[in-house]
$ cat structure_14.cif   # mmCIF, C-alpha atoms and all ligand atoms
data_data
loop_
_atom_site.label_atom_id
_atom_site.label_comp_id
_atom_site.auth_asym_id
_atom_site.auth_seq_id
_atom_site.Cartn_x
_atom_site.Cartn_y
_atom_site.Cartn_z
CA MET A 1 -33.33 3.45 10.69
CA ASP A 2 -33.68 4.91 14.12
CA THR A 3 -31.90 8.29 14.00
CA ALA A 4 -32.26 8.76 17.76
CA ARG A 5 -30.26 5.55 18.19
CA SER A 6 -27.57 6.85 15.78
CA ILE A 7 -27.30 10.04 17.81
CA SER A 8 -27.08 8.12 21.06
CA VAL A 9 -24.30 5.87 19.69
CA LEU A 10 -22.52 8.94 18.27
CA GLU A 11 -22.65 10.55 21.70
CA SER A 12 -20.83 7.56 23.16
CA LEU A 13 -18.25 7.40 20.34
CA VAL A 14 -17.41 11.12 20.50
CA GLY A 15 -16.84 10.72 24.27
CA PHE A 16 -13.70 8.69 23.60
CA ASP A 17 -10.67 10.85 22.79
CA THR A 18 -9.38 8.71 19.94
CA THR A 19 -6.94 11.28 18.58
CA SER A 20 -4.59 9.16 16.47
CA ARG A 21 -1.70 9.51 18.97
CA ASN A 22 -3.89 7.86 21.67
CA SER A 23 -5.06 4.28 22.12
CA ASN A 24 -8.48 3.56 20.61
CA LEU A 25 -9.04 0.46 22.74
CA ALA A 26 -11.61 2.06 25.06
CA LEU A 27 -13.80 2.86 22.06
CA ILE A 28 -13.24 -0.60 20.57
CA GLY A 29 -14.21 -2.15 23.92
CA TRP A 30 -17.40 -0.09 23.94
CA VAL A 31 -18.30 -1.27 20.42
CA GLU A 32 -17.56 -4.89 21.40
CA ALA A 33 -19.87 -4.62 24.41
CA TYR A 34 -22.57 -3.10 22.19
CA LEU A 35 -22.24 -5.96 19.68
CA ASP A 36 -22.14 -8.52 22.52
CA ARG A 37 -25.50 -7.27 23.78
CA LEU A 38 -26.90 -7.91 20.28
CA GLY A 39 -25.23 -11.32 20.01
CA VAL A 40 -22.96 -10.30 17.11
CA ALA A 41 -19.52 -11.96 16.94
CA HIS A 42 -16.53 -9.69 16.35
CA ALA A 43 -12.76 -9.90 15.93
CA ARG A 44 -10.01 -7.50 16.91
CA VAL A 45 -7.04 -6.95 14.61
CA PRO A 46 -4.46 -5.35 16.94
CA ASP A 47 -1.47 -3.26 15.93
CA GLU A 48 1.99 -4.49 16.89
CA THR A 49 2.14 -2.41 20.08
CA GLY A 50 -1.17 -3.79 21.37
CA THR A 51 -2.41 -0.27 22.14
CA LYS A 52 -4.68 0.07 19.11
CA ALA A 53 -6.95 -2.25 17.22
CA ASN A 54 -9.25 -2.59 14.24
CA LEU A 55 -12.57 -4.33 14.71
CA ILE A 56 -14.36 -6.57 12.22
CA ALA A 57 -17.87 -7.94 12.69
CA THR A 58 -20.20 -9.81 10.36
CA ILE A 59 -23.97 -9.77 10.45
CA GLY A 60 -25.55 -12.51 8.34
CA ASN A 61 -24.29 -15.60 6.57
CA ALA A 62 -20.53 -15.30 6.02
CA ASP A 63 -20.56 -18.17 3.47
CA VAL A 64 -21.96 -15.77 0.87
CA PRO A 65 -20.18 -12.69 -0.53
CA GLY A 66 -21.35 -9.56 1.27
CA TYR A 67 -20.77 -5.85 1.66
CA ILE A 68 -18.33 -4.01 3.90
CA LEU A 69 -19.22 -0.81 5.73
CA SER A 70 -15.84 0.73 6.53
CA GLY A 71 -14.99 3.55 8.89
CA HIS A 72 -12.07 4.79 10.96
CA THR A 73 -12.24 5.30 14.72
CA ASP A 74 -9.42 7.82 15.09
CA VAL A 75 -9.75 11.59 14.88
CA VAL A 76 -7.39 14.52 14.31
CA PRO A 77 -6.11 16.57 17.28
CA VAL A 78 -8.01 19.53 18.74
CA ASP A 79 -4.71 21.16 19.81
CA GLY A 80 -4.73 24.90 19.32
CA GLN A 81 -8.34 24.95 18.10
CA ASN A 82 -10.89 27.24 19.64
CA TRP A 83 -14.01 25.15 20.33
CA SER A 84 -17.30 26.62 21.59
CA SER A 85 -17.93 23.50 23.65
CA ASP A 86 -16.03 20.41 24.85
CA PRO A 87 -14.96 18.63 21.63
CA PHE A 88 -15.31 15.23 23.32
CA ARG A 89 -18.88 15.80 24.45
CA LEU A 90 -21.52 15.72 21.74
CA ALA A 91 -23.50 18.97 21.77
CA GLN A 92 -26.72 19.45 19.81
CA ARG A 93 -27.53 22.95 18.55
CA ASP A 94 -29.87 23.96 15.71
CA GLY A 95 -30.13 20.54 14.09
CA ARG A 96 -26.39 20.01 14.25
CA LEU A 97 -24.30 17.69 16.38
CA TYR A 98 -20.97 19.16 17.42
CA GLY A 99 -17.96 17.13 18.49
CA ARG A 100 -14.55 15.99 17.30
CA GLY A 101 -15.15 13.23 14.76
CA ALA A 102 -18.86 14.01 14.36
CA THR A 103 -18.47 14.23 10.59
CA ASP A 104 -15.04 12.56 10.16
CA MET A 105 -16.22 9.94 10.72
CA LYS A 106 -17.86 8.75 13.88
CA GLY A 107 -21.23 9.84 12.48
CA PHE A 108 -21.01 7.11 9.85
CA VAL A 109 -19.73 4.53 12.36
CA ALA A 110 -22.67 5.43 14.63
CA CYS A 111 -25.17 4.93 11.77
CA CYS A 112 -23.66 1.50 11.00
CA LEU A 113 -23.87 0.40 14.65
CA ALA A 114 -27.37 1.81 15.09
CA ALA A 115 -28.50 -0.27 12.09
CA VAL A 116 -27.27 -3.58 13.53
CA PRO A 117 -30.61 -4.44 15.25
CA ASP A 118 -32.38 -3.87 11.89
CA MET A 119 -29.80 -6.03 10.11
CA LEU A 120 -30.39 -8.81 12.64
CA ALA A 121 -34.18 -8.54 12.37
CA ARG A 122 -34.09 -8.88 8.58
CA LYS A 123 -32.31 -12.25 8.32
CA LEU A 124 -29.79 -11.10 5.69
CA LYS A 125 -29.20 -13.44 2.75
CA GLN A 126 -25.98 -11.57 1.96
CA PRO A 127 -23.89 -10.52 4.95
CA ILE A 128 -22.95 -7.00 5.97
CA HIS A 129 -19.46 -6.64 7.44
CA LEU A 130 -18.46 -3.80 9.74
CA ALA A 131 -14.78 -2.83 9.50
CA PHE A 132 -13.58 -0.12 11.89
CA SER A 133 -9.93 0.91 11.76
CA TYR A 134 -7.35 2.88 13.75
CA ASP A 135 -4.73 5.35 12.44
CA GLU A 136 -6.52 6.42 9.27
CA GLU A 137 -5.74 10.07 9.88
CA VAL A 138 -2.01 9.41 9.98
CA GLY A 139 -1.77 7.66 6.62
CA CYS A 140 -4.44 4.93 6.27
CA ILE A 141 -2.28 2.59 8.37
CA GLY A 142 -4.75 0.54 10.42
CA VAL A 143 -6.86 -0.60 7.50
CA ARG A 144 -3.91 -2.55 6.12
CA GLY A 145 -4.44 -5.07 8.94
CA ILE A 146 -8.10 -5.41 7.97
CA ILE A 147 -7.24 -5.94 4.31
CA ASP A 148 -4.62 -8.57 5.29
CA ARG A 149 -7.25 -10.35 7.36
CA LEU A 150 -9.76 -10.28 4.46
CA ARG A 151 -7.24 -12.10 2.27
CA ASP A 152 -7.66 -15.16 4.50
CA TRP A 153 -11.43 -15.18 4.16
CA PRO A 154 -12.63 -18.13 2.03
CA VAL A 155 -15.46 -15.96 0.65
CA LYS A 156 -14.44 -12.51 -0.56
CA PRO A 157 -16.73 -9.52 -0.04
CA VAL A 158 -18.47 -8.16 -3.14
CA ALA A 159 -17.80 -4.54 -2.39
CA CYS A 160 -16.97 -1.92 0.21
CA PHE A 161 -18.59 1.38 1.17
CA VAL A 162 -16.19 3.75 2.92
CA GLY A 163 -18.26 6.27 4.86
CA GLU A 164 -16.01 9.34 4.76
CA PRO A 165 -18.07 12.54 4.67
CA THR A 166 -19.38 13.19 1.14
CA CYS A 167 -22.88 14.45 2.04
CA MET A 168 -23.98 11.02 0.75
CA GLN A 169 -22.75 11.76 -2.75
CA VAL A 170 -21.20 8.72 -4.42
CA VAL A 171 -17.47 9.25 -4.81
CA ILE A 172 -15.72 6.94 -7.27
CA GLY A 173 -12.21 8.33 -7.19
CA HIS A 174 -9.50 9.95 -5.17
CA LYS A 175 -5.85 10.56 -5.89
CA ALA A 176 -3.00 8.32 -4.83
CA LYS A 177 -0.32 9.81 -2.58
CA ARG A 178 3.37 9.08 -2.29
CA SER A 179 5.49 11.14 0.08
CA VAL A 180 9.22 10.99 0.72
CA GLN A 181 11.52 12.28 3.43
CA ALA A 182 14.93 13.25 2.08
CA THR A 183 18.14 13.73 4.05
CA VAL A 184 21.12 15.42 2.45
CA ARG A 185 24.50 15.04 4.13
CA GLY A 186 27.49 17.23 3.28
CA ARG A 187 30.71 18.25 5.00
CA THR A 188 30.73 21.14 7.37
CA CYS A 189 33.25 23.98 7.75
CA HIS A 190 33.26 27.66 8.55
CA SER A 191 31.42 29.60 5.87
CA SER A 192 34.52 31.64 5.11
CA LEU A 193 36.08 28.38 3.88
CA ALA A 194 32.94 27.37 2.00
CA PRO A 195 34.62 26.17 -1.20
CA LEU A 196 36.19 23.31 0.85
CA GLY A 197 32.86 21.90 2.03
CA VAL A 198 30.08 20.26 0.08
CA ASN A 199 27.41 22.60 1.32
CA ALA A 200 24.43 20.37 1.99
CA VAL A 201 22.11 23.27 1.72
CA GLU A 202 24.15 25.59 -0.50
CA PHE A 203 24.91 23.21 -3.37
CA ALA A 204 21.39 23.70 -4.59
CA ALA A 205 19.38 26.88 -4.22
CA ARG A 206 19.83 29.35 -7.02
CA VAL A 207 18.06 31.95 -4.94
CA ILE A 208 19.60 31.65 -1.49
CA ASP A 209 23.11 30.36 -1.82
CA ALA A 210 23.07 28.81 1.66
CA VAL A 211 20.47 26.27 0.56
CA GLU A 212 21.82 24.95 -2.66
CA PHE A 213 22.03 21.24 -2.73
CA ALA A 214 18.75 20.15 -1.20
CA ALA A 215 17.11 22.85 -3.26
CA ARG A 216 18.26 21.16 -6.45
CA VAL A 217 16.18 18.15 -5.50
CA ILE A 218 13.35 20.49 -4.53
CA VAL A 219 13.60 22.23 -7.88
CA LYS A 220 13.43 18.80 -9.55
CA VAL A 221 10.18 18.08 -7.69
CA ARG A 222 8.89 21.47 -8.79
CA ASP A 223 9.90 20.86 -12.43
CA ILE A 224 7.95 17.62 -12.43
CA ALA A 225 4.97 19.35 -10.81
CA GLU A 226 5.06 22.07 -13.48
CA ARG A 227 5.24 19.45 -16.21
CA LEU A 228 2.15 17.76 -14.72
CA VAL A 229 0.30 21.09 -14.78
CA ARG A 230 1.46 21.89 -18.32
CA GLU A 231 1.07 18.60 -20.13
CA GLY A 232 0.02 15.89 -17.67
CA PRO A 233 -3.14 13.81 -18.17
CA ARG A 234 -6.42 15.30 -17.02
CA ASP A 235 -9.41 13.94 -15.09
CA PRO A 236 -12.18 16.57 -15.13
CA LEU A 237 -14.02 15.02 -12.16
CA TYR A 238 -11.33 16.44 -9.87
CA ASP A 239 -11.28 20.10 -8.80
CA VAL A 240 -7.54 20.03 -9.51
CA PRO A 241 -7.81 17.87 -12.64
CA HIS A 242 -4.15 16.80 -12.85
CA SER A 243 -1.53 15.17 -10.63
CA THR A 244 0.42 17.45 -8.32
CA GLY A 245 3.83 17.57 -6.65
CA HIS A 246 4.99 19.71 -3.76
CA THR A 247 7.73 20.12 -1.14
CA GLY A 248 6.63 20.91 2.40
CA LEU A 249 8.97 20.89 5.38
CA VAL A 250 12.61 21.94 4.95
CA HIS A 251 15.15 21.97 7.78
CA GLY A 252 18.78 22.86 7.30
CA GLY A 253 21.64 24.78 8.77
CA SER A 254 22.31 26.20 12.23
CA ALA A 255 24.05 29.53 11.64
CA LEU A 256 25.00 31.69 8.68
CA ASN A 257 28.72 31.30 9.28
CA ILE A 258 28.62 27.49 9.27
CA VAL A 259 28.30 25.51 6.06
CA PRO A 260 25.43 23.20 6.89
CA ASP A 261 26.21 19.50 6.74
CA LEU A 262 22.61 18.36 7.07
CA CYS A 263 19.39 19.27 5.37
CA THR A 264 16.12 17.36 5.53
CA PHE A 265 12.97 17.99 3.58
CA GLU A 266 9.78 16.24 2.58
CA TYR A 267 7.96 16.13 -0.72
CA GLU A 268 4.93 14.39 -2.12
CA PHE A 269 3.09 13.52 -5.29
CA ARG A 270 -0.67 13.16 -5.50
CA THR A 271 -1.70 11.48 -8.69
CA ILE A 272 -4.78 10.82 -10.77
CA ALA A 273 -5.22 7.27 -12.07
CA ALA A 274 -3.40 8.04 -15.35
CA ASP A 275 -0.15 8.83 -13.52
CA ASP A 276 2.02 6.50 -11.46
CA PRO A 277 3.18 8.06 -8.16
CA ASP A 278 6.01 5.54 -7.89
CA ALA A 279 7.35 6.49 -11.32
CA LEU A 280 7.36 10.18 -10.34
CA ALA A 281 9.15 9.37 -7.08
CA ARG A 282 11.69 7.29 -9.02
CA GLU A 283 12.34 10.21 -11.36
CA VAL A 284 13.38 12.35 -8.40
CA GLU A 285 15.37 9.52 -6.89
CA SER A 286 17.39 8.81 -10.02
CA TYR A 287 18.21 12.51 -10.38
CA ALA A 288 19.45 12.59 -6.77
CA ARG A 289 21.22 9.25 -7.06
CA ASP A 290 22.74 9.45 -10.55
CA VAL A 291 23.32 13.16 -11.08
CA LEU A 292 23.74 14.90 -7.73
CA GLU A 293 25.23 12.28 -5.44
CA PRO A 294 28.31 11.54 -7.59
CA GLN A 295 29.15 15.26 -7.64
CA MET A 296 28.94 15.35 -3.84
CA LYS A 297 30.90 12.19 -3.21
CA ALA A 298 33.67 13.37 -5.52
CA VAL A 299 34.37 16.10 -2.94
CA ALA A 300 33.37 14.34 0.31
CA PRO A 301 32.87 10.55 0.34
CA GLU A 302 30.64 10.77 3.43
CA ALA A 303 28.25 13.11 1.63
CA GLY A 304 25.10 11.77 0.06
CA ILE A 305 21.34 11.66 -0.09
CA THR A 306 18.98 9.30 1.72
CA LEU A 307 15.38 8.99 0.59
CA ARG A 308 12.87 7.31 2.86
CA ASP A 309 9.18 6.62 2.17
CA ARG A 310 7.16 8.73 4.53
CA SER A 311 3.64 7.68 3.71
CA SER A 312 1.62 6.58 0.76
CA PHE A 313 -1.80 5.30 -0.12
CA PRO A 314 -3.25 3.93 -3.33
CA GLY A 315 -5.71 5.95 -5.38
CA LEU A 316 -9.31 5.03 -6.07
CA ASP A 317 -10.72 4.87 -9.58
CA THR A 318 -13.93 2.84 -9.69
CA ALA A 319 -15.67 2.56 -13.07
CA PRO A 320 -18.96 4.52 -13.22
CA SER A 321 -20.51 1.51 -14.97
CA SER A 322 -19.62 -0.95 -12.19
CA ASP A 323 -22.29 -2.74 -10.14
CA ILE A 324 -21.18 -1.10 -6.89
CA VAL A 325 -21.65 2.37 -8.38
CA GLY A 326 -25.12 1.46 -9.68
CA LEU A 327 -26.12 0.13 -6.27
CA SER A 328 -24.66 3.13 -4.46
CA ARG A 329 -26.58 5.56 -6.69
CA ALA A 330 -29.80 3.67 -5.98
CA PHE A 331 -29.14 3.53 -2.20
CA ALA A 332 -28.14 7.21 -2.06
CA GLY A 333 -31.07 8.26 -4.26
CA ARG A 334 -28.88 10.47 -6.43
CA ASN A 335 -27.09 9.95 -9.72
CA ASP A 336 -24.24 12.46 -9.65
CA LEU A 337 -20.75 11.10 -9.14
CA ALA A 338 -17.65 12.85 -7.87
CA LYS A 339 -13.95 12.42 -7.24
CA VAL A 340 -12.42 14.01 -4.16
CA ALA A 341 -9.13 15.60 -3.20
CA PHE A 342 -8.64 13.72 0.07
CA GLY A 343 -7.36 10.15 0.37
CA THR A 344 -9.39 7.39 1.98
CA GLU A 345 -9.20 3.73 2.88
CA ALA A 346 -11.22 2.92 -0.27
CA GLY A 347 -8.04 2.98 -2.37
CA GLY A 348 -6.57 0.21 -0.21
CA TYR A 349 -9.63 -2.02 -0.53
CA ALA A 350 -9.79 -1.38 -4.28
CA ALA A 351 -6.07 -2.18 -4.69
CA ASP A 352 -6.83 -5.54 -3.13
CA GLY A 353 -9.59 -6.28 -5.62
CA ILE A 354 -12.62 -5.21 -3.59
CA ALA A 355 -14.78 -2.78 -5.59
CA SER A 356 -15.15 0.35 -3.46
CA VAL A 357 -16.82 3.72 -3.31
CA VAL A 358 -16.74 6.51 -0.76
CA VAL A 359 -20.16 7.60 0.45
CA GLY A 360 -20.93 8.93 3.90
CA PRO A 361 -22.85 11.51 5.88
CA GLY A 362 -21.67 15.01 6.66
CA SER A 363 -19.36 17.37 4.84
CA ILE A 364 -15.57 17.26 4.61
CA ASP A 365 -15.73 21.06 4.94
CA GLN A 366 -16.38 20.61 8.66
CA ALA A 367 -13.73 17.93 9.14
CA HIS A 368 -10.54 18.64 11.14
CA LYS A 369 -11.79 22.08 12.23
CA ALA A 370 -12.90 23.64 15.50
CA ASP A 371 -16.63 23.16 16.08
CA GLU A 372 -16.72 20.15 13.75
CA PHE A 373 -20.35 19.12 13.33
CA ILE A 374 -22.68 16.84 11.43
CA ALA A 375 -26.26 17.80 10.59
CA VAL A 376 -28.91 15.45 11.99
CA SER A 377 -30.38 15.39 8.46
CA GLU A 378 -27.13 13.82 7.23
CA LEU A 379 -27.47 10.98 9.72
CA GLU A 380 -31.04 10.51 8.46
CA LYS A 381 -29.85 10.31 4.84
CA CYS A 382 -27.18 7.81 5.82
CA GLY A 383 -29.86 5.79 7.63
CA VAL A 384 -31.89 5.59 4.42
CA PHE A 385 -28.80 4.43 2.51
CA ILE A 386 -28.13 1.65 5.01
CA ASP A 387 -31.84 0.68 5.08
CA ARG A 388 -31.72 0.20 1.31
CA LEU A 389 -28.53 -1.84 1.63
CA ILE A 390 -30.28 -4.03 4.21
CA ASP A 391 -33.26 -4.40 1.81
CA HIS A 392 -30.86 -5.38 -0.96
CA CYS A 393 -29.07 -7.93 1.24
CA SER A 394 -32.29 -9.52 2.45
CA SER A 395 -34.06 -9.85 -0.91
ZN ZN A 401 -11.85 10.53 7.76
#

$ encode --input "structure_14.cif" --output "structure tokens"
Amino acid sequence: MDTARSISVLESLVGFDTTSRNSNLALIGWVEAYLDRLGVAHARVPDETGTKANLIATIGNADVPGYILSGHTDVVPVDGQNWSSDPFRLAQRDGRLYGRGATDMKGFVACCLAAVPDMLARKLKQPIHLAFSYDEEVGCIGVRGIIDRLRDWPVKPVACFVGEPTCMQVVIGHKAKRSVQATVRGRTCHSSLAPLGVNAVEFAARVIDAVEFAARVIVKVRDIAERLVREGPRDPLYDVPHSTGHTGLVHGGSALNIVPDLCTFEYEFRTIAADDPDALAREVESYARDVLEPQMKAVAPEAGITLRDRSSFPGLDTAPSSDIVGLSRAFAGRNDLAKVAFGTEAGGYAADGIASVVVGPGSIDQAHKADEFIAVSELEKCGVFIDRLIDHCSS
């Protein structure tokens, strides 16, 4: 692997501001031109607006099952962050490469692209597929289009490597996520007449009586979360070894002397493989639907609760004994396995029957922050991994 080539590709990739709210088509066009120069065919999988696209390319004989190298092209915003240098211009200092997306995860994408000439030179017997997505950072959305496309392939890939930053440690698991946006509607009136209104906020909170009803759902989420801590199943490979639940945003009310008729909030569950995030979400829903809503509607028929899926992704739980894990350990040159707190596209591939692991250069500690960087040594390690994959595919 030519690390100088990886750095040069990374420099180009970082130059595109592919913050998830923006189009990624300029970057995709650059990758297409790069592959065109090497004579590699590629296919776009656009989103419905036509402003973003995934890219899939295959090097080698597609009639044989091969391996996917998967990465996302979007990055998180730099808004409000204090960078020492332009985040969209790769800067090299002390063996580190600074730029938005350097570690999460344009560094990996750059290594994959830099390896294409080597892949072509080696006449692969098993193909290597490149799969680059959009909108990973906003809920693993783009990759769904790639997975849909793979379903139509007559020959299914053997396995997928998702190159999120793990310092090239082989990661075999991450939690599933299910998040919900809830809207509680009541009936408004002046607070001095409060007993006449179904106080959307007040019906619930035992602590602040202006936030009662939504808070009863929130307390339900918390009760479940506490149960998971107390007696839920455990997976010791996670730092937080059990499933979790939590409520984030809450909006409700406009003034103290008005009984609020609207309260919205969002909650989530993140589950280990032994728990089902949908079952936990259903538990909250049936409490809201069967216990709380009838009480509200008895007073005000227009009152009620709406629950809307906000985002979700499947978990990853690849068996340590599986072939893909054995190969990944050999390619990475290390035996230790981990499970990580953050979600990745690997769960989506795995849910569709493609054995997957997460293994990529750089550290998640630097992701999403000001002065995000990747060490040059990490790109070198990733290069060795891909070299060994190429060896494997050509033997
Ligand atoms: Zn990422």

$ closest_atom_pairs --input "structure_14.cif" --of "segment 85-145 of chain A" --to "segment 38-53 of chain A" --cutoff "7 Å" --atoms "only C-alpha atoms" --output "CSV"
residue,atom,partner,partner_atom,distance
A:Ser133,CA,A:Ala53,CA,7.0
A:Tyr134,CA,A:Ala53,CA,6.2
A:Gly145,CA,A:Val45,CA,6.5

$ closest_atom_pairs --input "structure_14.cif" --of "chain A" --to "ligand ZN 401 (chain A)" --cutoff "8 Å" --atoms "only C-alpha atoms and all ligand atoms" --output "Markdown table"
| residue | atom | partner | partner_atom | distance |
| --- | --- | --- | --- | --- |
| A:Gly71 | CA | A:ZN401 | ZN | 7.7 |
| A:His72 | CA | A:ZN401 | ZN | 6.6 |
| A:Val75 | CA | A:ZN401 | ZN | 7.5 |
| A:Asp104 | CA | A:ZN401 | ZN | 4.5 |
| A:Met105 | CA | A:ZN401 | ZN | 5.3 |
| A:Glu136 | CA | A:ZN401 | ZN | 6.9 |
| A:Glu137 | CA | A:ZN401 | ZN | 6.5 |
| A:Glu164 | CA | A:ZN401 | ZN | 5.3 |
| A:Pro165 | CA | A:ZN401 | ZN | 7.2 |
| A:Thr344 | CA | A:ZN401 | ZN | 7.0 |
| A:Ala367 | CA | A:ZN401 | ZN | 7.8 |

$ closest_residue --input "structure_14.cif" --among "A:Asp118, A:Asp317, A:Asp86, A:Asp309" --to "Gly60 of chain A" --atoms "all atoms listed in the file"
A:Asp118

$ atom_distance --input "structure_14.cif" --atom1 "atom CA of Ile128 of chain A" --atom2 "atom CA of Ala176 of chain A"
27.4 Å

$ residues_around --input "structure_14.cif" --residues "Val155 of chain A" --least-positions-apart "5" --cutoff "7 Å" --atoms "all atoms listed in the file" --output "mmCIF file with C-alpha atoms, in the frame of the given file"
data_model
loop_
_atom_site.group_PDB
_atom_site.id
_atom_site.type_symbol
_atom_site.label_atom_id
_atom_site.label_comp_id
_atom_site.auth_asym_id
_atom_site.auth_seq_id
_atom_site.Cartn_x
_atom_site.Cartn_y
_atom_site.Cartn_z
ATOM 1 C CA ASP A 63 -20.560 -18.170 3.470
ATOM 2 C CA VAL A 64 -21.960 -15.770 0.870
ATOM 3 C CA PRO A 65 -20.180 -12.690 -0.530
#

$ residues_around --input "structure_14.cif" --residues "segment 223-228 of chain A" --least-positions-apart "6" --cutoff "12 Å" --atoms "all atoms listed in the file" --output "PyMOL selection string"
chain A and resi 215-217+234+240-247+267-272+274-277+279-284+287

$ atom_distance --input "structure_14.cif" --atom1 "atom CA of Val31 of chain A" --atom2 "atom CA of Gly163 of chain A"
17.3 Å

$ atom_distance --input "structure_14.cif" --atom1 "atom CA of Cys112 of chain A" --atom2 "atom CA of Tyr349 of chain A"
18.5 Å

$ closest_residue --input "structure_14.cif" --among "A:Ala351, A:Leu130, A:Val78, A:Leu10" --to "His368 of chain A" --atoms "only C-alpha atoms"
A:Val78

$ closest_residue --input "structure_14.cif" --among "A:Ile324, A:Ala300, A:Cys140, A:Ala131" --to "Ile68 of chain A" --atoms "all atoms listed in the file"
A:Ala131

$ closest_residue --input "structure_14.cif" --among "A:Ile390, A:Ala319, A:Ile218, A:Val357" --to "Lys125 of chain A" --atoms "only C-alpha atoms"
A:Ile390

$ residues_around --input "structure_14.cif" --residues "Val325 of chain A" --least-positions-apart "6" --cutoff "9 Å" --atoms "all atoms listed in the file" --output "ChimeraX atom specification"
/A:170-172,318-319,337,356-357

$ decode --input "structure_14.cif" --residues "segment 234-239 of chain A" --atoms "all heavy atoms" --output "PDB file, in the first residue's frame"
ATOM      1  N   ARG A 234     -26.610  -8.926  30.424  1.00  0.00           N
ATOM      2  CA  ARG A 234     -25.313  -8.268  30.388  1.00  0.00           C
ATOM      3  C   ARG A 234     -24.473  -8.787  29.221  1.00  0.00           C
ATOM      4  O   ARG A 234     -24.550  -9.961  28.870  1.00  0.00           O
ATOM      5  CB  ARG A 234     -24.532  -8.554  31.679  1.00  0.00           C
ATOM      6  CG  ARG A 234     -25.127  -7.896  32.929  1.00  0.00           C
ATOM      7  CD  ARG A 234     -24.949  -6.396  32.826  1.00  0.00           C
ATOM      8  NE  ARG A 234     -25.226  -5.685  34.068  1.00  0.00           N
ATOM      9  CZ  ARG A 234     -26.423  -5.227  34.430  1.00  0.00           C
ATOM     10  NH1 ARG A 234     -27.477  -5.442  33.682  1.00  0.00           N
ATOM     11  NH2 ARG A 234     -26.568  -4.543  35.545  1.00  0.00           N
ATOM     12  N   ASP A 235     -23.659  -7.896  28.639  1.00  0.00           N
ATOM     13  CA  ASP A 235     -22.653  -8.296  27.650  1.00  0.00           C
ATOM     14  C   ASP A 235     -21.359  -7.593  28.040  1.00  0.00           C
ATOM     15  O   ASP A 235     -21.201  -6.395  27.818  1.00  0.00           O
ATOM     16  CB  ASP A 235     -23.096  -7.875  26.241  1.00  0.00           C
ATOM     17  CG  ASP A 235     -22.137  -8.360  25.170  1.00  0.00           C
ATOM     18  OD1 ASP A 235     -20.953  -8.601  25.491  1.00  0.00           O
ATOM     19  OD2 ASP A 235     -22.561  -8.501  24.008  1.00  0.00           O
ATOM     20  N   PRO A 236     -20.433  -8.336  28.668  1.00  0.00           N
ATOM     21  CA  PRO A 236     -19.249  -7.694  29.268  1.00  0.00           C
ATOM     22  C   PRO A 236     -18.298  -7.049  28.261  1.00  0.00           C
ATOM     23  O   PRO A 236     -17.408  -6.293  28.667  1.00  0.00           O
ATOM     24  CB  PRO A 236     -18.552  -8.850  29.999  1.00  0.00           C
ATOM     25  CG  PRO A 236     -19.093 -10.090  29.383  1.00  0.00           C
ATOM     26  CD  PRO A 236     -20.457  -9.781  28.884  1.00  0.00           C
ATOM     27  N   LEU A 237     -18.490  -7.318  26.943  1.00  0.00           N
ATOM     28  CA  LEU A 237     -17.602  -6.668  25.968  1.00  0.00           C
ATOM     29  C   LEU A 237     -17.935  -5.184  25.781  1.00  0.00           C
ATOM     30  O   LEU A 237     -17.163  -4.443  25.180  1.00  0.00           O
ATOM     31  CB  LEU A 237     -17.647  -7.391  24.617  1.00  0.00           C
ATOM     32  CG  LEU A 237     -16.725  -8.621  24.453  1.00  0.00           C
ATOM     33  CD1 LEU A 237     -16.790  -9.156  23.034  1.00  0.00           C
ATOM     34  CD2 LEU A 237     -15.269  -8.288  24.808  1.00  0.00           C
ATOM     35  N   TYR A 238     -19.087  -4.754  26.292  1.00  0.00           N
ATOM     36  CA  TYR A 238     -19.426  -3.324  26.214  1.00  0.00           C
ATOM     37  C   TYR A 238     -18.988  -2.586  27.471  1.00  0.00           C
ATOM     38  O   TYR A 238     -19.092  -3.124  28.573  1.00  0.00           O
ATOM     39  CB  TYR A 238     -20.940  -3.140  26.059  1.00  0.00           C
ATOM     40  CG  TYR A 238     -21.480  -3.486  24.708  1.00  0.00           C
ATOM     41  CD1 TYR A 238     -22.240  -4.634  24.512  1.00  0.00           C
ATOM     42  CD2 TYR A 238     -21.247  -2.659  23.610  1.00  0.00           C
ATOM     43  CE1 TYR A 238     -22.748  -4.955  23.257  1.00  0.00           C
ATOM     44  CE2 TYR A 238     -21.746  -2.978  22.360  1.00  0.00           C
ATOM     45  CZ  TYR A 238     -22.498  -4.124  22.189  1.00  0.00           C
ATOM     46  OH  TYR A 238     -22.989  -4.428  20.955  1.00  0.00           O
ATOM     47  N   ASP A 239     -18.556  -1.342  27.314  1.00  0.00           N
ATOM     48  CA  ASP A 239     -18.226  -0.509  28.476  1.00  0.00           C
ATOM     49  C   ASP A 239     -19.444  -0.344  29.376  1.00  0.00           C
ATOM     50  O   ASP A 239     -19.343  -0.405  30.597  1.00  0.00           O
ATOM     51  CB  ASP A 239     -17.750   0.885  28.029  1.00  0.00           C
ATOM     52  CG  ASP A 239     -16.351   0.816  27.424  1.00  0.00           C
ATOM     53  OD1 ASP A 239     -15.652  -0.196  27.649  1.00  0.00           O
ATOM     54  OD2 ASP A 239     -15.963   1.755  26.709  1.00  0.00           O
TER      55      ASP A 239
END
